[in-house]
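Q: Have a look at this one before I ask anything.
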Amino acid sequence: MPASGHGLRHAGIHFDAVRIAGVLAEQVAYELMQFTDFQAGPIVREATGHRYMYFLLPPQSVTGHRWPAGVRALGRGAQGWAYVGVPALGGLTWPLEWRSEPTAEVPFVEAGLLHEVVGRLIGVVR
């Protein structure tokens, strides 16, 4: 994690990531936050462009699930190299911000729970 601003980190090394855009991303984040009593683990929100959210999972966990169209798995086993912007915990980090911060107790989003929430909501959004 950078001390200030934000930095690019290679997905698949320290974490895997699931990238979701727009309204679906907001709904998934909201559901995760509600279900976990606001202890969902690290979720990074992009304030520009497609308004992606990156759900940071434990390394090597993204390939354990089949993700639907519109949801992109980023990790060592995923296609191609992927870098994810990670903001510092404080200070100016625009255009990235934490939707949910990592904690010592919850350093990652739980992959199975994320997959379940995405699967439940994808039918509603389509």
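FYI, nothing fancy with the structure tokens labels: chains A, B, ... in order, residues from 1 per chain, ligands from 1 as they appear.
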List the neighbours of Val44 of chain A out to 8 Å using only C-alpha atoms; skip same-chain residues closer than 2 positions along the sequence, and give me the result as a compact mmCIF listing (two decimals) with N, CA and C atoms, in the first residue's frame.
A:
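The result, stored in out-v9.txt:
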# COMPACT_ATOMS: atom_id res chain seq x y z
N PRO A 42 -11.15 -4.85 1.36
CA PRO A 42 -10.75 -3.74 0.48
C PRO A 42 -11.51 -3.68 -0.84
N GLU A 46 -13.08 3.86 -8.50
CA GLU A 46 -12.50 4.79 -9.46
C GLU A 46 -13.51 5.92 -9.70
N MET A 53 -15.03 -0.53 -9.93
CA MET A 53 -14.67 -0.88 -8.56
C MET A 53 -13.83 -2.13 -8.64
N TYR A 54 -12.83 -2.17 -7.81
CA TYR A 54 -11.93 -3.32 -7.73
C TYR A 54 -12.08 -3.94 -6.35
N PHE A 55 -12.51 -5.17 -6.32
CA PHE A 55 -12.69 -5.93 -5.09
C PHE A 55 -11.42 -6.76 -4.93
N LEU A 56 -10.64 -6.49 -3.88
CA LEU A 56 -9.34 -7.13 -3.72
C LEU A 56 -9.50 -8.42 -2.90
N VAL A 86 -4.01 1.27 -6.37
CA VAL A 86 -4.32 1.12 -4.95
C VAL A 86 -4.05 2.46 -4.27
N PRO A 87 -5.07 3.06 -3.64
CA PRO A 87 -4.87 4.35 -2.97
C PRO A 87 -4.23 4.18 -1.59
N LEU A 96 -8.80 7.76 -7.24
CA LEU A 96 -9.14 6.52 -6.55
C LEU A 96 -9.52 6.81 -5.11
N GLU A 97 -10.40 5.98 -4.57
CA GLU A 97 -10.75 6.10 -3.16
C GLU A 97 -11.17 4.73 -2.64
N TRP A 98 -11.13 4.59 -1.34
CA TRP A 98 -11.58 3.35 -0.72
C TRP A 98 -13.08 3.39 -0.52
N ARG A 99 -13.79 2.44 -1.07
CA ARG A 99 -15.22 2.25 -0.76
C ARG A 99 -15.31 1.49 0.55
N SER A 100 -14.36 0.57 0.74
CA SER A 100 -14.22 -0.18 1.98
C SER A 100 -12.73 -0.43 2.18
Q: In Å, how far is it from atom CA of Pro58 of chain A to atom CA of Met1 of chain A?
A: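 Computing the Euclidean distance for atom CA of Pro58 of chain A and atom CA of Met1 of chain A yields 14.8 Å.
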Q: Near Pro102 of chain A, within 9 Å and counting only C-alpha atoms, which residues show up once chain neighbours fewer than 2 positions away are dropped, as a VMD selection string?
A: chain A and resid 39 to 43 98 100 104 to 109
Q: Could you write those residues out with N, CA and C atoms, as an mmCIF file, in the first residue's frame?
A:
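Saved result, part08.cif, follows:
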data_model
loop_
_atom_site.group_PDB
_atom_site.id
_atom_site.type_symbol
_atom_site.label_atom_id
_atom_site.label_comp_id
_atom_site.auth_asym_id
_atom_site.auth_seq_id
_atom_site.Cartn_x
_atom_site.Cartn_y
_atom_site.Cartn_z
ATOM 1 N N GLN A 39 -17.690 -4.503 7.183
ATOM 2 C CA GLN A 39 -16.344 -5.087 7.263
ATOM 3 C C GLN A 39 -16.124 -5.982 6.046
ATOM 4 N N ALA A 40 -16.317 -5.416 4.848
ATOM 5 C CA ALA A 40 -16.283 -6.200 3.605
ATOM 6 C C ALA A 40 -14.882 -6.521 3.121
ATOM 7 N N GLY A 41 -13.882 -5.779 3.588
ATOM 8 C CA GLY A 41 -12.537 -5.914 3.044
ATOM 9 C C GLY A 41 -12.297 -4.829 2.012
ATOM 10 N N PRO A 42 -11.145 -4.851 1.357
ATOM 11 C CA PRO A 42 -10.749 -3.741 0.485
ATOM 12 C C PRO A 42 -11.508 -3.684 -0.841
ATOM 13 N N ILE A 43 -12.166 -2.539 -1.041
ATOM 14 C CA ILE A 43 -12.851 -2.241 -2.294
ATOM 15 C C ILE A 43 -12.390 -0.854 -2.734
ATOM 16 N N TRP A 98 -11.134 4.590 -1.339
ATOM 17 C CA TRP A 98 -11.583 3.348 -0.716
ATOM 18 C C TRP A 98 -13.084 3.394 -0.520
ATOM 19 N N SER A 100 -14.364 0.571 0.744
ATOM 20 C CA SER A 100 -14.222 -0.182 1.979
ATOM 21 C C SER A 100 -12.730 -0.428 2.179
ATOM 22 N N ALA A 104 -6.903 -5.216 9.642
ATOM 23 C CA ALA A 104 -6.133 -6.381 10.090
ATOM 24 C C ALA A 104 -7.025 -7.612 10.180
ATOM 25 N N GLU A 105 -8.276 -7.408 10.585
ATOM 26 C CA GLU A 105 -9.214 -8.523 10.721
ATOM 27 C C GLU A 105 -9.741 -8.998 9.364
ATOM 28 N N VAL A 106 -9.904 -8.073 8.422
ATOM 29 C CA VAL A 106 -10.458 -8.401 7.104
ATOM 30 C C VAL A 106 -9.549 -7.775 6.025
ATOM 31 N N PRO A 107 -8.415 -8.434 5.737
ATOM 32 C CA PRO A 107 -7.475 -7.862 4.769
ATOM 33 C C PRO A 107 -7.901 -8.023 3.315
ATOM 34 N N PHE A 108 -8.886 -8.899 3.052
ATOM 35 C CA PHE A 108 -9.357 -9.149 1.693
ATOM 36 C C PHE A 108 -10.868 -9.335 1.688
ATOM 37 N N VAL A 109 -11.464 -9.111 0.514
ATOM 38 C CA VAL A 109 -12.859 -9.471 0.286
ATOM 39 C C VAL A 109 -12.898 -10.990 0.157
#
Q: Chain A: which residues are strand (DSSP E or B) by DSSP, as a ChimeraX atom specification?
A: /A:6-10,16-21,43-46,52-57,71-74,83-87,96-100
Q: Might you pull out every residue within 8 Å of His65 of chain A, with only C-alpha atoms counted and same-chain residues fewer than 3 positions away left off, and present them as a PyMOL selection string?
A: chain A and resi 61-62+112+115
Q: Leaving out Ser4 of chain A and any residue of its chain fewer than 4 positions from it, which residues lie within 8 Å of it when counting only C-alpha atoms, given as a ChimeraX atom specification?
A: /A:87-93
Q: Selection from above, all heavy atoms, as a short mmCIF file (atom, residue, chain, number, x, y, z; two decimals), in the first residue's frame, can you write it?
A:
data_model
loop_
_atom_site.label_atom_id
_atom_site.label_comp_id
_atom_site.auth_asym_id
_atom_site.auth_seq_id
_atom_site.Cartn_x
_atom_site.Cartn_y
_atom_site.Cartn_z
N PRO A 87 -5.07 3.06 -3.64
CA PRO A 87 -4.87 4.35 -2.97
C PRO A 87 -4.23 4.18 -1.59
O PRO A 87 -4.32 3.11 -0.98
CB PRO A 87 -6.29 4.90 -2.84
CG PRO A 87 -7.16 3.70 -2.79
CD PRO A 87 -6.48 2.64 -3.61
N ALA A 88 -3.60 5.24 -1.12
CA ALA A 88 -3.13 5.27 0.26
C ALA A 88 -4.34 5.30 1.19
O ALA A 88 -5.46 5.60 0.75
CB ALA A 88 -2.25 6.50 0.49
N LEU A 89 -4.13 5.01 2.44
CA LEU A 89 -5.24 5.03 3.40
C LEU A 89 -5.66 6.44 3.80
O LEU A 89 -6.73 6.64 4.35
CB LEU A 89 -4.90 4.21 4.64
CG LEU A 89 -4.88 2.70 4.41
CD1 LEU A 89 -4.39 1.98 5.66
CD2 LEU A 89 -6.24 2.18 4.01
N GLY A 90 -4.83 7.42 3.51
CA GLY A 90 -5.17 8.79 3.86
C GLY A 90 -4.61 9.76 2.85
O GLY A 90 -3.80 9.41 2.00
N GLY A 91 -5.06 11.00 2.93
CA GLY A 91 -4.56 12.04 2.05
C GLY A 91 -5.26 12.06 0.71
O GLY A 91 -6.28 11.39 0.49
N LEU A 92 -4.70 12.81 -0.22
CA LEU A 92 -5.26 12.98 -1.56
C LEU A 92 -4.95 11.75 -2.41
O LEU A 92 -3.78 11.45 -2.65
CB LEU A 92 -4.69 14.24 -2.21
CG LEU A 92 -5.23 14.58 -3.58
CD1 LEU A 92 -6.73 14.81 -3.54
CD2 LEU A 92 -4.52 15.81 -4.12
N THR A 93 -5.97 11.04 -2.85
CA THR A 93 -5.79 9.82 -3.65
C THR A 93 -6.57 9.86 -4.96
O THR A 93 -6.64 8.85 -5.65
CB THR A 93 -6.21 8.57 -2.85
OG1 THR A 93 -7.60 8.66 -2.55
CG2 THR A 93 -5.40 8.42 -1.59
#
Q: What's the 10 Å shell around Trp94 of chain A, counting only C-alpha atoms, without same-chain residues fewer than 4 positions away, as an MDAnalysis selection string?
A: chainID A and resid 5:6 45:48 87
Q: Which residue out of A:Trp81, A:Tyr52, A:Glu110, A:Leu24 has the minimum interatomic distance to Gly64 of chain A when only C-alpha atoms are used?
A: A:Glu110
Q: Identify, on the basis of only C-alpha atoms, every residue whose closest approach to Ala82 of chain A does not exceed 12 Å; exclude the query and any residue fewer than 5 positions from it along the same chain; express the result as an MDAnalysis selection string.
A: chainID A and resid 8:13 15:19 54 72:77
Q: Name the closest residue to Thr63 of chain A among the candidates A:Ala111, A:Phe38, A:Ala3, A:Val118; distances are taken between atoms, counting only C-alpha atoms.
A: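 Using only C-alpha atoms, Thr63 of chain A sits closest to A:Ala111.
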Q: In chain A, what's helix (DSSP H, G or I) per DSSP? Answer as an NGL selection string?
A: :A and (22-35 or 62-64 or 111-125)
